[in-house]
Amino acid sequence: MSQSPSSSAVLDNPREFDVFAFVRNQQQACGEVLVQDLPRILNEVTPDTLAHHSALRWTVTGEIRQELAAGGKTVAVPYLRLALQGQLWLACQRCLEPYEEQLAIDIWYRIVESNAQADAVSANDEQVEVIVGSRRFDLIDLIDEELLLSLPLVPKHAQNKKSPSKRGMHRSHDFLSGVALAIEPTSGEVHRRHHVSPNGYYRGKQVVKSNND
């Protein structure tokens, strides 16, 4: 069972906000982000078309769901929904000309407080996207990552059969291995997606000091 958002919120800085409080208060916020502010996506779009890109529209919603836990008890579980719409100009790999790729993302994440909790959720339900929350959560970085996963593996002009996306291949990899990996942009470490890296980095920021510091 879930409840509707209780209030609308204005995120003064979507790159740094308390996602726990946002979800706990079941708030909703919306805004726009430019392609120029998404470093991963900048590497994918055609440079000559940057001026033609419109802002991408996003909406985030916090929700508390009542779910059954072990022993038949009902517990409150925090979720965050990200909805994103827009277009990106990509280079067609067939004709090498730019084309407009329509994108629409609508995904729910379960918010947890630690890597141990994330591991426990992943072991019980591989279909649930899990995020280790933060009181300095970077929504724009999450949007950048999700957009990248939503891009087609081989960009092409519209055709009858839709090309598989990077997210689709990512899902296949999850199903086969049980572990989704990511590369930490600051340190270059390979680590579990949505987890703190071995040297304490998460989404480009050091959130835990390593033993060498």
# chains A, B, ... in the order shown; residues from 1 in each chain; ligands from 1

$ residues_around --residues "A:Glu32" --least-positions-apart "4" --cutoff "8 Å" --atoms "only C-alpha atoms" --output "PyMOL selection string"
chain A and resi 55-58

$ write_last_selection --atoms "N, CA, C and O atoms" --output "mmCIF file, in the first residue's frame"
data_model
loop_
_atom_site.group_PDB
_atom_site.id
_atom_site.type_symbol
_atom_site.label_atom_id
_atom_site.label_comp_id
_atom_site.auth_asym_id
_atom_site.auth_seq_id
_atom_site.Cartn_x
_atom_site.Cartn_y
_atom_site.Cartn_z
ATOM 1 N N ALA A 55 15.774 21.727 -22.781
ATOM 2 C CA ALA A 55 16.004 21.241 -21.424
ATOM 3 C C ALA A 55 15.208 19.956 -21.192
ATOM 4 O O ALA A 55 14.097 19.787 -21.707
ATOM 5 N N LEU A 56 15.788 19.052 -20.458
ATOM 6 C CA LEU A 56 15.119 17.808 -20.091
ATOM 7 C C LEU A 56 14.286 18.050 -18.837
ATOM 8 O O LEU A 56 14.752 18.672 -17.875
ATOM 9 N N ARG A 57 13.066 17.566 -18.821
ATOM 10 C CA ARG A 57 12.148 17.806 -17.702
ATOM 11 C C ARG A 57 12.122 16.603 -16.757
ATOM 12 O O ARG A 57 11.949 15.471 -17.206
ATOM 13 N N TRP A 58 12.286 16.870 -15.452
ATOM 14 C CA TRP A 58 12.286 15.788 -14.477
ATOM 15 C C TRP A 58 11.294 16.050 -13.348
ATOM 16 O O TRP A 58 10.960 17.196 -13.040
#

$ closest_atom_pairs --of "stretch 28-105 of chain A" --to "stretch 132-147 of chain A" --cutoff "9 Å" --atoms "only C-alpha atoms" --output "tab-separated table"
residue	atom	partner	partner_atom	distance
A:Val33	CA	A:Ile140	CA	7.7
A:Val35	CA	A:Asp144	CA	8.9
A:Asp37	CA	A:Ile140	CA	8.2
A:Leu38	CA	A:Asp144	CA	5.4
A:Pro39	CA	A:Asp144	CA	7.4
A:Arg40	CA	A:Asp144	CA	6.2
A:Ile41	CA	A:Asp144	CA	6.5
A:Trp58	CA	A:Ile143	CA	8.5
A:Val60	CA	A:Leu139	CA	8.9
A:Leu82	CA	A:Ile143	CA	8.3
A:Leu84	CA	A:Ile143	CA	8.0
A:Leu103	CA	A:Leu147	CA	8.1
A:Ile105	CA	A:Leu147	CA	7.9

$ atom_distance --atom1 "atom CA of A:Gln36" --atom2 "atom CA of A:Ala51"
9.8 Å

$ atom_distance --atom1 "atom CA of A:Arg110" --atom2 "atom CA of A:Pro78"
6.1 Å

$ residues_around --residues "A:Glu44" --least-positions-apart "2" --cutoff "9 Å" --atoms "only C-alpha atoms" --output "list of chain:residue names"
A:Arg40, A:Ile41, A:Leu42, A:Thr46, A:Pro47, A:Trp89, A:Leu90, A:Ala91, A:Leu148, A:Leu151

$ residues_around --residues "A:Ser54" --least-positions-apart "6" --cutoff "9 Å" --atoms "only C-alpha atoms" --output "VMD selection string"
chain A and resid 34 to 35 86 to 88

$ atom_distance --atom1 "atom CA of A:His157" --atom2 "atom CA of A:Val45"
14.1 Å

$ closest_residue --among "A:Asn115, A:Leu149, A:Val128, A:Val75" --to "A:Pro198" --atoms "only C-alpha atoms"
A:Asn115

$ residues_around --residues "A:Trp108" --least-positions-apart "5" --cutoff "7 Å" --atoms "only C-alpha atoms" --output "JSON, numbers by chain"
{"A": [79, 80, 81, 82, 129]}

$ write_last_selection --atoms "N, CA and C atoms" --output "compact mmCIF listing (two decimals), in the first residue's frame"
# COMPACT_ATOMS: atom_id res chain seq x y z
N TYR A 79 10.57 4.97 -0.78
CA TYR A 79 10.83 4.85 -2.22
C TYR A 79 10.94 6.25 -2.84
N LEU A 80 11.73 6.33 -3.89
CA LEU A 80 11.86 7.56 -4.67
C LEU A 80 11.55 7.24 -6.12
N ARG A 81 10.69 8.05 -6.72
CA ARG A 81 10.36 7.87 -8.14
C ARG A 81 11.00 8.98 -8.95
N LEU A 82 11.63 8.59 -10.06
CA LEU A 82 12.21 9.56 -11.00
C LEU A 82 11.50 9.42 -12.34
N GLU A 129 15.32 -1.66 -7.90
CA GLU A 129 16.47 -0.75 -7.96
C GLU A 129 16.69 -0.17 -6.57

$ select_by_dssp --residues "stretch 92-152 of chain A" --states "strand (DSSP E)" --output "tab-separated table (two decimals) with all heavy atoms, in the first residue's frame"
chain	number	residue	atom	x	y	z
A	98	PRO	N	23.05	13.25	-37.62
A	98	PRO	CA	22.37	13.37	-36.33
A	98	PRO	C	20.87	13.10	-36.45
A	98	PRO	O	20.26	13.40	-37.48
A	98	PRO	CB	22.65	14.82	-35.92
A	98	PRO	CG	22.94	15.55	-37.19
A	98	PRO	CD	23.58	14.55	-38.10
A	99	TYR	N	20.32	12.52	-35.41
A	99	TYR	CA	18.87	12.30	-35.35
A	99	TYR	C	18.40	12.52	-33.92
A	99	TYR	O	19.20	12.48	-32.97
A	99	TYR	CB	18.49	10.90	-35.84
A	99	TYR	CG	18.73	9.82	-34.81
A	99	TYR	CD1	17.67	9.33	-34.03
A	99	TYR	CD2	19.99	9.31	-34.60
A	99	TYR	CE1	17.88	8.35	-33.09
A	99	TYR	CE2	20.21	8.32	-33.65
A	99	TYR	CZ	19.15	7.84	-32.90
A	99	TYR	OH	19.37	6.88	-31.95
A	100	GLU	N	17.11	12.74	-33.76
A	100	GLU	CA	16.54	13.04	-32.45
A	100	GLU	C	15.99	11.77	-31.81
A	100	GLU	O	15.10	11.12	-32.34
A	100	GLU	CB	15.43	14.08	-32.59
A	100	GLU	CG	15.00	14.70	-31.27
A	100	GLU	CD	14.01	15.84	-31.49
A	100	GLU	OE1	13.13	15.70	-32.37
A	100	GLU	OE2	14.10	16.86	-30.79
A	101	GLU	N	16.54	11.43	-30.65
A	101	GLU	CA	16.10	10.25	-29.89
A	101	GLU	C	15.17	10.69	-28.77
A	101	GLU	O	15.55	11.47	-27.89
A	101	GLU	CB	17.31	9.51	-29.31
A	101	GLU	CG	16.98	8.30	-28.47
A	101	GLU	CD	16.64	7.08	-29.30
A	101	GLU	OE1	17.03	7.03	-30.48
A	101	GLU	OE2	16.00	6.16	-28.75
A	102	GLN	N	13.93	10.21	-28.80
A	102	GLN	CA	12.96	10.53	-27.75
A	102	GLN	C	13.22	9.63	-26.54
A	102	GLN	O	13.41	8.42	-26.68
A	102	GLN	CB	11.54	10.31	-28.26
A	102	GLN	CG	11.15	11.17	-29.44
A	102	GLN	CD	10.95	12.62	-29.05
A	102	GLN	OE1	10.56	12.94	-27.93
A	102	GLN	NE2	11.21	13.52	-29.99
A	103	LEU	N	13.24	10.22	-25.35
A	103	LEU	CA	13.51	9.47	-24.14
A	103	LEU	C	12.43	9.72	-23.10
A	103	LEU	O	11.96	10.85	-22.93
A	103	LEU	CB	14.87	9.86	-23.56
A	103	LEU	CG	16.10	9.51	-24.40
A	103	LEU	CD1	17.34	10.17	-23.82
A	103	LEU	CD2	16.28	8.01	-24.47
A	104	ALA	N	12.04	8.67	-22.42
A	104	ALA	CA	11.08	8.77	-21.32
A	104	ALA	C	11.47	7.74	-20.27
A	104	ALA	O	11.51	6.54	-20.55
A	104	ALA	CB	9.67	8.54	-21.82
A	105	ILE	N	11.79	8.22	-19.10
A	105	ILE	CA	12.21	7.35	-18.00
A	105	ILE	C	11.20	7.48	-16.87
A	105	ILE	O	10.77	8.58	-16.52
A	105	ILE	CB	13.61	7.74	-17.50
A	105	ILE	CG1	14.65	7.48	-18.59
A	105	ILE	CG2	13.98	7.00	-16.22
A	105	ILE	CD1	16.03	8.02	-18.24
A	106	ASP	N	10.81	6.36	-16.31
A	106	ASP	CA	9.93	6.35	-15.15
A	106	ASP	C	10.34	5.16	-14.30
A	106	ASP	O	10.06	4.01	-14.63
A	106	ASP	CB	8.46	6.21	-15.58
A	106	ASP	CG	7.50	6.53	-14.45
A	106	ASP	OD1	7.92	6.47	-13.27
A	106	ASP	OD2	6.33	6.84	-14.72
A	107	ILE	N	11.05	5.42	-13.22
A	107	ILE	CA	11.66	4.34	-12.45
A	107	ILE	C	11.54	4.62	-10.95
A	107	ILE	O	11.61	5.77	-10.52
A	107	ILE	CB	13.14	4.16	-12.87
A	107	ILE	CG1	13.75	2.96	-12.18
A	107	ILE	CG2	13.95	5.41	-12.61
A	107	ILE	CD1	15.12	2.58	-12.74
A	108	TRP	N	11.33	3.54	-10.18
A	108	TRP	CA	11.26	3.63	-8.73
A	108	TRP	C	12.53	3.06	-8.11
A	108	TRP	O	13.07	2.05	-8.59
A	108	TRP	CB	10.06	2.84	-8.21
A	108	TRP	CG	8.74	3.50	-8.42
A	108	TRP	CD1	7.89	3.32	-9.48
A	108	TRP	CD2	8.10	4.45	-7.56
A	108	TRP	NE1	6.77	4.09	-9.33
A	108	TRP	CE2	6.86	4.79	-8.16
A	108	TRP	CE3	8.45	5.03	-6.34
A	108	TRP	CZ2	5.98	5.70	-7.58
A	108	TRP	CZ3	7.57	5.93	-5.76
A	108	TRP	CH2	6.36	6.26	-6.38
A	109	TYR	N	13.01	3.71	-7.05
A	109	TYR	CA	14.15	3.22	-6.30
A	109	TYR	C	13.74	3.02	-4.83
A	109	TYR	O	13.03	3.85	-4.27
A	109	TYR	CB	15.31	4.23	-6.31
A	109	TYR	CG	15.73	4.71	-7.66
A	109	TYR	CD1	15.19	5.88	-8.20
A	109	TYR	CD2	16.69	4.02	-8.39
A	109	TYR	CE1	15.58	6.33	-9.44
A	109	TYR	CE2	17.09	4.48	-9.63
A	109	TYR	CZ	16.53	5.63	-10.15
A	109	TYR	OH	16.92	6.07	-11.38
A	110	ARG	N	14.24	1.96	-4.27
A	110	ARG	CA	14.09	1.79	-2.83
A	110	ARG	C	15.28	2.46	-2.16
A	110	ARG	O	16.44	2.21	-2.54
A	110	ARG	CB	14.01	0.31	-2.46
A	110	ARG	CG	13.85	0.08	-0.96
A	110	ARG	CD	13.54	-1.36	-0.66
A	110	ARG	NE	13.49	-1.59	0.77
A	110	ARG	CZ	13.13	-2.73	1.33
A	110	ARG	NH1	12.79	-3.76	0.56
A	110	ARG	NH2	13.12	-2.87	2.64
A	111	ILE	N	15.02	3.31	-1.18
A	111	ILE	CA	16.08	4.05	-0.50
A	111	ILE	C	16.52	3.31	0.75
A	111	ILE	O	15.69	2.98	1.61
A	111	ILE	CB	15.62	5.47	-0.12
A	111	ILE	CG1	15.04	6.21	-1.33
A	111	ILE	CG2	16.77	6.27	0.48
A	111	ILE	CD1	16.02	6.43	-2.45
A	112	VAL	N	17.81	3.03	0.85
A	112	VAL	CA	18.36	2.39	2.04
A	112	VAL	C	19.48	3.27	2.60
A	112	VAL	O	19.93	4.22	1.95
A	112	VAL	CB	18.89	0.98	1.73
A	112	VAL	CG1	17.76	0.07	1.26
A	112	VAL	CG2	20.00	1.02	0.68
A	129	GLU	N	15.32	-1.66	-7.90
A	129	GLU	CA	16.47	-0.75	-7.96
A	129	GLU	C	16.69	-0.17	-6.57
A	129	GLU	O	15.75	0.34	-5.95
A	129	GLU	CB	16.20	0.39	-8.95
A	129	GLU	CG	16.38	-0.02	-10.41
A	129	GLU	CD	17.84	-0.10	-10.81
A	129	GLU	OE1	18.70	0.33	-10.02
A	129	GLU	OE2	18.12	-0.59	-11.91
A	130	VAL	N	17.89	-0.26	-6.08
A	130	VAL	CA	18.20	0.19	-4.73
A	130	VAL	C	19.23	1.30	-4.77
A	130	VAL	O	20.21	1.22	-5.52
A	130	VAL	CB	18.75	-0.99	-3.88
A	130	VAL	CG1	19.04	-0.52	-2.45
A	130	VAL	CG2	17.75	-2.14	-3.88
A	131	ILE	N	19.01	2.34	-3.99
A	131	ILE	CA	19.96	3.45	-3.88
A	131	ILE	C	20.33	3.63	-2.41
A	131	ILE	O	19.46	3.63	-1.54
A	131	ILE	CB	19.35	4.77	-4.40
A	131	ILE	CG1	19.18	4.74	-5.90
A	131	ILE	CG2	20.23	5.95	-4.01
A	131	ILE	CD1	18.62	6.02	-6.45
A	132	VAL	N	21.61	3.76	-2.15
A	132	VAL	CA	22.07	4.15	-0.83
A	132	VAL	C	21.87	5.65	-0.71
A	132	VAL	O	22.51	6.43	-1.42
A	132	VAL	CB	23.55	3.77	-0.60
A	132	VAL	CG1	24.01	4.23	0.78
A	132	VAL	CG2	23.74	2.27	-0.75

$ closest_residue --among "A:Cys95, A:Val19, A:Ala83, A:Ala120" --to "A:Pro155" --atoms "only C-alpha atoms"
A:Cys95
